[in-house]
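Since the structure comes first, as structure tokens, the remarks are kept for the end.
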There are 2 protein chains.
Amino acid sequence: MHTTEQILKHHHLRITEIRIELLQYFQKNGKALTHADLELQFNKKFDRVTIYRTLTSFLENGLLHKIPDDTGVAKYALCSHEGSTHTHDDHHVHFKCRLCDKIECLYTLEIPKLALPKKYKMENANLLIEGICASCHAIK
Amino acid sequence: MHTTEQILKHHHLRITEIRIELLQYFQKNGKALTHADLELQFNKKFDRVTIYRTLTSFLENGLLHKIPDDTGVAKYALCSHEGSTHTHDDHHVHFKCRLCDKIECLYTLEIPKLALPKKYKMENANLLIEGICASCHAIK
DNA sequence: AACATTATGCAACTAAATTGCAAGTATATA
DNA sequence: TATATACTTGCAATTTAGTTGCATAATGTT
């Protein structure tokens, strides 16, 4: 297991307070977060803009990935289970619950191979599944 | 084949000028469009806000669907080949070209069945494939 | 410890989308 | 085919998400 600081170093990021806290917050939560979520948590301690820039640097250094969805609000999630090393990052399966709106990465699922039309070249793929998650299923 | 007006009627939409023109513009283009694309075309004739509201009503009535992507700008595309009737609308495969940024619906492809974790219920799925499209492949 | 590089906070700004409201138009039904 | 009702439109103002510039502060390298 790696410490938060080691993870940052491995991704060529300087060790700063906001980076440590944001990364740990992502690890603790285990779900996709928006800038607004983070601002709610951290606005007393860190500036809005710094949170944006931290997200951007995490993205650029492969610590987070952006999850495409149709709300127009960017959602970010850790790139692998541990958040420690770089796994294959070219396709993702995400599950978004219609009831609680939570977005999870389904690491265990692989996107099946598809036959694209002629001359199309796939570079990466994102599968967003919507429905009801296990917790909401239980409640209902 | 249905006329534009018939299509609107089938989707329980009143016949108005902007609805006819927007729908025809989608049919003519055959690719996903943003509000900005439409504003560029129609700003002399229709108000920005009216374009937004037309897109929303098309969405609500199943004429268009929103394509999730990671730019934060909403993209819309017709729900079926003809734009005429309601096909199964619960899953979509889209292809976004890294070079020309064009997004197409790949109607011919089906999203393969996946085994979700226990108690998860899938209601719909969106697969976004990114890469190089046929036209850009040719140019290069 | 000194330096170059990178990160942070603040203020201002841009872009995308939404809301309220008054005036106008489409359509059902009488 | 007139008319009442419900829906649609345009305009102005507002909200929300995200970006940029710049001065100051912190990091990590030598």
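Residue numbering restarts at 1 in every chain; chains get A, B, ... in the order shown in the structure tokens, and ligands count up from 1 in that same order.
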
Would you superpose chain B on chain A, least squares on all C-alpha atoms in order, and hand back the fitted chain as a PDB file with C-alpha atoms, in the first residue's frame?
ATOM      1  CA  MET B   1       0.210   0.066  -0.149  1.00  0.00           C
ATOM      2  CA  HIS B   2       1.334   3.573  -1.026  1.00  0.00           C
ATOM      3  CA  THR B   3       0.982   6.736   0.969  1.00  0.00           C
ATOM      4  CA  THR B   4      -0.905   9.661  -0.457  1.00  0.00           C
ATOM      5  CA  GLU B   5       2.351  11.498  -0.996  1.00  0.00           C
ATOM      6  CA  GLN B   6       3.894   8.612  -2.860  1.00  0.00           C
ATOM      7  CA  ILE B   7       0.906   8.442  -5.134  1.00  0.00           C
ATOM      8  CA  LEU B   8       1.251  12.121  -5.950  1.00  0.00           C
ATOM      9  CA  LYS B   9       4.939  11.686  -6.642  1.00  0.00           C
ATOM     10  CA  HIS B  10       4.346   8.746  -8.920  1.00  0.00           C
ATOM     11  CA  HIS B  11       2.067  10.965 -10.929  1.00  0.00           C
ATOM     12  CA  HIS B  12       4.653  13.741 -11.108  1.00  0.00           C
ATOM     13  CA  LEU B  13       2.702  16.086  -8.927  1.00  0.00           C
ATOM     14  CA  ARG B  14       4.208  18.327  -6.295  1.00  0.00           C
ATOM     15  CA  ILE B  15       3.133  17.643  -2.741  1.00  0.00           C
ATOM     16  CA  THR B  16       0.778  20.351  -1.574  1.00  0.00           C
ATOM     17  CA  GLU B  17      -1.871  20.442   1.089  1.00  0.00           C
ATOM     18  CA  ILE B  18      -4.839  20.641  -1.210  1.00  0.00           C
ATOM     19  CA  ARG B  19      -3.600  17.766  -3.335  1.00  0.00           C
ATOM     20  CA  ILE B  20      -3.162  15.508  -0.344  1.00  0.00           C
ATOM     21  CA  GLU B  21      -6.561  16.346   1.060  1.00  0.00           C
ATOM     22  CA  LEU B  22      -8.447  16.114  -2.208  1.00  0.00           C
ATOM     23  CA  LEU B  23      -6.873  12.795  -3.081  1.00  0.00           C
ATOM     24  CA  GLN B  24      -7.667  11.364   0.330  1.00  0.00           C
ATOM     25  CA  TYR B  25     -11.208  12.623   0.062  1.00  0.00           C
ATOM     26  CA  PHE B  26     -11.643  10.816  -3.237  1.00  0.00           C
ATOM     27  CA  GLN B  27     -10.194   7.653  -1.734  1.00  0.00           C
ATOM     28  CA  LYS B  28     -12.473   7.873   1.280  1.00  0.00           C
ATOM     29  CA  ASN B  29     -15.604   8.434  -0.771  1.00  0.00           C
ATOM     30  CA  GLY B  30     -15.197   5.865  -3.479  1.00  0.00           C
ATOM     31  CA  LYS B  31     -17.609   7.600  -5.803  1.00  0.00           C
ATOM     32  CA  ALA B  32     -17.577  10.276  -8.432  1.00  0.00           C
ATOM     33  CA  LEU B  33     -17.483  13.831  -7.140  1.00  0.00           C
ATOM     34  CA  THR B  34     -18.220  17.207  -8.666  1.00  0.00           C
ATOM     35  CA  HIS B  35     -16.425  20.462  -8.102  1.00  0.00           C
ATOM     36  CA  ALA B  36     -19.450  21.565  -6.101  1.00  0.00           C
ATOM     37  CA  ASP B  37     -19.107  18.559  -3.778  1.00  0.00           C
ATOM     38  CA  LEU B  38     -15.512  19.494  -3.110  1.00  0.00           C
ATOM     39  CA  GLU B  39     -16.249  23.157  -2.653  1.00  0.00           C
ATOM     40  CA  LEU B  40     -18.791  22.246  -0.038  1.00  0.00           C
ATOM     41  CA  GLN B  41     -16.168  20.250   1.861  1.00  0.00           C
ATOM     42  CA  PHE B  42     -13.212  22.518   1.419  1.00  0.00           C
ATOM     43  CA  ASN B  43     -14.342  26.077   0.796  1.00  0.00           C
ATOM     44  CA  LYS B  44     -13.154  27.208   4.180  1.00  0.00           C
ATOM     45  CA  LYS B  45      -9.694  25.948   3.516  1.00  0.00           C
ATOM     46  CA  PHE B  46      -9.087  26.294  -0.214  1.00  0.00           C
ATOM     47  CA  ASP B  47     -10.149  28.643  -2.947  1.00  0.00           C
ATOM     48  CA  ARG B  48     -12.720  27.607  -5.543  1.00  0.00           C
ATOM     49  CA  VAL B  49     -10.283  28.186  -8.348  1.00  0.00           C
ATOM     50  CA  THR B  50      -7.580  26.168  -6.674  1.00  0.00           C
ATOM     51  CA  ILE B  51      -9.976  23.262  -6.427  1.00  0.00           C
ATOM     52  CA  TYR B  52     -10.656  23.552 -10.162  1.00  0.00           C
ATOM     53  CA  ARG B  53      -6.964  23.631 -10.889  1.00  0.00           C
ATOM     54  CA  THR B  54      -6.250  20.682  -8.656  1.00  0.00           C
ATOM     55  CA  LEU B  55      -8.880  18.650 -10.459  1.00  0.00           C
ATOM     56  CA  THR B  56      -7.345  19.641 -13.775  1.00  0.00           C
ATOM     57  CA  SER B  57      -3.864  18.641 -12.735  1.00  0.00           C
ATOM     58  CA  PHE B  58      -5.132  15.319 -11.388  1.00  0.00           C
ATOM     59  CA  LEU B  59      -6.820  14.755 -14.732  1.00  0.00           C
ATOM     60  CA  GLU B  60      -3.739  15.628 -16.716  1.00  0.00           C
ATOM     61  CA  ASN B  61      -1.609  13.330 -14.650  1.00  0.00           C
ATOM     62  CA  GLY B  62      -3.917  10.384 -14.822  1.00  0.00           C
ATOM     63  CA  LEU B  63      -5.019  10.315 -11.224  1.00  0.00           C
ATOM     64  CA  LEU B  64      -8.627  11.123 -12.010  1.00  0.00           C
ATOM     65  CA  HIS B  65     -10.840  10.706 -15.013  1.00  0.00           C
ATOM     66  CA  LYS B  66     -13.866  12.660 -16.054  1.00  0.00           C
ATOM     67  CA  ILE B  67     -17.114  10.810 -16.338  1.00  0.00           C
ATOM     68  CA  PRO B  68     -19.259  11.817 -19.285  1.00  0.00           C
ATOM     69  CA  ASP B  69     -22.853  12.349 -18.341  1.00  0.00           C
ATOM     70  CA  ASP B  70     -25.675  14.467 -19.604  1.00  0.00           C
ATOM     71  CA  THR B  71     -26.106  16.959 -16.784  1.00  0.00           C
ATOM     72  CA  GLY B  72     -23.394  19.323 -17.961  1.00  0.00           C
ATOM     73  CA  VAL B  73     -21.661  19.199 -14.608  1.00  0.00           C
ATOM     74  CA  ALA B  74     -18.247  17.542 -14.619  1.00  0.00           C
ATOM     75  CA  LYS B  75     -17.852  14.482 -12.404  1.00  0.00           C
ATOM     76  CA  TYR B  76     -14.487  13.039 -11.468  1.00  0.00           C
ATOM     77  CA  ALA B  77     -13.437   9.671 -10.140  1.00  0.00           C
ATOM     78  CA  LEU B  78     -10.202   7.937  -9.272  1.00  0.00           C
ATOM     79  CA  CYS B  79      -8.665   5.989 -12.086  1.00  0.00           C
ATOM     80  CA  SER B  80      -8.099   2.706 -10.295  1.00  0.00           C
ATOM     81  CA  HIS B  81      -9.060   0.813  -7.158  1.00  0.00           C
ATOM     82  CA  GLU B  82      -6.197   1.963  -5.025  1.00  0.00           C
ATOM     83  CA  GLY B  83      -5.700   5.251  -6.696  1.00  0.00           C
ATOM     84  CA  SER B  84      -2.095   4.188  -6.523  1.00  0.00           C
ATOM     85  CA  THR B  85      -0.866   3.128  -9.888  1.00  0.00           C
ATOM     86  CA  HIS B  86      -1.843   3.591 -13.430  1.00  0.00           C
ATOM     87  CA  THR B  87      -4.067   0.822 -14.674  1.00  0.00           C
ATOM     88  CA  HIS B  88      -5.353   0.600 -18.218  1.00  0.00           C
ATOM     89  CA  ASP B  89      -7.183   3.815 -18.523  1.00  0.00           C
ATOM     90  CA  ASP B  90      -8.648   3.564 -21.942  1.00  0.00           C
ATOM     91  CA  HIS B  91     -12.087   2.384 -21.076  1.00  0.00           C
ATOM     92  CA  HIS B  92     -14.474   2.728 -18.194  1.00  0.00           C
ATOM     93  CA  VAL B  93     -17.822   1.468 -17.168  1.00  0.00           C
ATOM     94  CA  HIS B  94     -19.834   3.752 -14.928  1.00  0.00           C
ATOM     95  CA  PHE B  95     -23.155   3.267 -13.262  1.00  0.00           C
ATOM     96  CA  LYS B  96     -25.386   6.195 -12.445  1.00  0.00           C
ATOM     97  CA  CYS B  97     -28.341   5.632 -10.158  1.00  0.00           C
ATOM     98  CA  ARG B  98     -31.553   7.335 -11.214  1.00  0.00           C
ATOM     99  CA  LEU B  99     -32.709   7.619  -7.614  1.00  0.00           C
ATOM    100  CA  CYS B 100     -29.684   8.708  -5.608  1.00  0.00           C
ATOM    101  CA  ASP B 101     -27.692  10.178  -8.538  1.00  0.00           C
ATOM    102  CA  LYS B 102     -24.543   8.535  -7.284  1.00  0.00           C
ATOM    103  CA  ILE B 103     -22.052   7.549  -9.956  1.00  0.00           C
ATOM    104  CA  GLU B 104     -19.783   4.565  -9.395  1.00  0.00           C
ATOM    105  CA  CYS B 105     -17.029   3.073 -11.465  1.00  0.00           C
ATOM    106  CA  LEU B 106     -17.609  -0.586 -12.168  1.00  0.00           C
ATOM    107  CA  TYR B 107     -14.021  -1.706 -12.318  1.00  0.00           C
ATOM    108  CA  THR B 108     -14.898  -5.348 -12.656  1.00  0.00           C
ATOM    109  CA  LEU B 109     -16.713  -4.917 -15.928  1.00  0.00           C
ATOM    110  CA  GLU B 110     -14.967  -4.765 -19.259  1.00  0.00           C
ATOM    111  CA  ILE B 111     -16.422  -3.123 -22.312  1.00  0.00           C
ATOM    112  CA  PRO B 112     -16.907  -5.919 -24.824  1.00  0.00           C
ATOM    113  CA  LYS B 113     -15.172  -5.675 -28.163  1.00  0.00           C
ATOM    114  CA  LEU B 114     -17.268  -4.112 -30.874  1.00  0.00           C
ATOM    115  CA  ALA B 115     -16.914  -4.192 -34.614  1.00  0.00           C
ATOM    116  CA  LEU B 116     -16.720  -0.563 -35.700  1.00  0.00           C
ATOM    117  CA  PRO B 117     -17.539   0.553 -39.243  1.00  0.00           C
ATOM    118  CA  LYS B 118     -14.651   0.402 -41.710  1.00  0.00           C
ATOM    119  CA  LYS B 119     -11.738   2.798 -41.170  1.00  0.00           C
ATOM    120  CA  TYR B 120     -12.905   3.806 -37.723  1.00  0.00           C
ATOM    121  CA  LYS B 121     -10.245   3.475 -35.086  1.00  0.00           C
ATOM    122  CA  MET B 122     -11.207   3.144 -31.449  1.00  0.00           C
ATOM    123  CA  GLU B 123      -8.886   4.730 -28.928  1.00  0.00           C
ATOM    124  CA  ASN B 124     -11.022   4.573 -25.841  1.00  0.00           C
ATOM    125  CA  ALA B 125     -14.535   3.910 -24.732  1.00  0.00           C
ATOM    126  CA  ASN B 126     -16.839   4.973 -21.953  1.00  0.00           C
ATOM    127  CA  LEU B 127     -19.971   3.091 -21.100  1.00  0.00           C
ATOM    128  CA  LEU B 128     -22.476   4.889 -18.909  1.00  0.00           C
ATOM    129  CA  ILE B 129     -25.190   2.645 -17.550  1.00  0.00           C
ATOM    130  CA  GLU B 130     -28.149   4.231 -15.824  1.00  0.00           C
ATOM    131  CA  GLY B 131     -30.625   2.509 -13.589  1.00  0.00           C
ATOM    132  CA  ILE B 132     -31.116   1.626  -9.937  1.00  0.00           C
ATOM    133  CA  CYS B 133     -28.159   0.830  -7.714  1.00  0.00           C
ATOM    134  CA  ALA B 134     -28.022  -1.864  -5.060  1.00  0.00           C
ATOM    135  CA  SER B 135     -28.614   0.464  -2.086  1.00  0.00           C
ATOM    136  CA  CYS B 136     -31.631   2.127  -3.669  1.00  0.00           C
ATOM    137  CA  HIS B 137     -32.935  -1.239  -4.751  1.00  0.00           C
ATOM    138  CA  ALA B 138     -32.846  -2.327  -1.098  1.00  0.00           C
ATOM    139  CA  ILE B 139     -34.671   0.757   0.161  1.00  0.00           C
ATOM    140  CA  LYS B 140     -37.452   0.550  -2.345  1.00  0.00           C
TER     141      LYS B 140
END

From a DSSP pass on the backbone, collect the residues of chain A flagged as strand (DSSP E) and hand them back as a PDB file with C-alpha atoms, in the first residue's frame.
ATOM      1  CA  LEU A  33     -17.429  13.863  -7.316  1.00  0.00           C
ATOM      2  CA  THR A  34     -18.136  17.246  -8.851  1.00  0.00           C
ATOM      3  CA  LEU A  64      -8.528  11.133 -12.000  1.00  0.00           C
ATOM      4  CA  HIS A  65     -10.667  10.725 -15.052  1.00  0.00           C
ATOM      5  CA  LYS A  66     -13.680  12.682 -16.161  1.00  0.00           C
ATOM      6  CA  ILE A  67     -16.931  10.827 -16.484  1.00  0.00           C
ATOM      7  CA  LYS A  75     -17.704  14.508 -12.582  1.00  0.00           C
ATOM      8  CA  TYR A  76     -14.374  13.059 -11.579  1.00  0.00           C
ATOM      9  CA  ALA A  77     -13.351   9.698 -10.227  1.00  0.00           C
ATOM     10  CA  LEU A  78     -10.129   7.952  -9.298  1.00  0.00           C
ATOM     11  CA  HIS A  91     -12.073   2.485 -21.229  1.00  0.00           C
ATOM     12  CA  HIS A  92     -14.423   2.718 -18.299  1.00  0.00           C
ATOM     13  CA  VAL A  93     -17.754   1.432 -17.233  1.00  0.00           C
ATOM     14  CA  HIS A  94     -19.743   3.725 -14.969  1.00  0.00           C
ATOM     15  CA  PHE A  95     -23.029   3.240 -13.241  1.00  0.00           C
ATOM     16  CA  LYS A  96     -25.267   6.181 -12.425  1.00  0.00           C
ATOM     17  CA  CYS A  97     -28.193   5.622 -10.096  1.00  0.00           C
ATOM     18  CA  ILE A 103     -21.908   7.561 -10.005  1.00  0.00           C
ATOM     19  CA  GLU A 104     -19.636   4.586  -9.433  1.00  0.00           C
ATOM     20  CA  CYS A 105     -16.883   3.059 -11.524  1.00  0.00           C
ATOM     21  CA  LYS A 121     -10.663   3.430 -35.395  1.00  0.00           C
ATOM     22  CA  MET A 122     -11.503   3.131 -31.714  1.00  0.00           C
ATOM     23  CA  GLU A 123      -9.115   4.754 -29.300  1.00  0.00           C
ATOM     24  CA  ASN A 124     -11.147   4.604 -26.157  1.00  0.00           C
ATOM     25  CA  ALA A 125     -14.623   3.926 -24.919  1.00  0.00           C
ATOM     26  CA  ASN A 126     -16.866   4.963 -22.069  1.00  0.00           C
ATOM     27  CA  LEU A 127     -19.950   3.061 -21.128  1.00  0.00           C
ATOM     28  CA  LEU A 128     -22.438   4.837 -18.895  1.00  0.00           C
ATOM     29  CA  ILE A 129     -25.126   2.600 -17.490  1.00  0.00           C
ATOM     30  CA  GLU A 130     -28.092   4.169 -15.741  1.00  0.00           C
ATOM     31  CA  GLY A 131     -30.529   2.460 -13.459  1.00  0.00           C
ATOM     32  CA  ILE A 132     -30.961   1.620  -9.794  1.00  0.00           C
TER      33      ILE A 132
END

query = If you count only C-alpha atoms (C1' of nucleotides), which residues fall within 12 Å of C:DC3, apart from same-chain ones fewer than 6 positions away, as a ChimeraX atom specification?
reply = /D:27-30
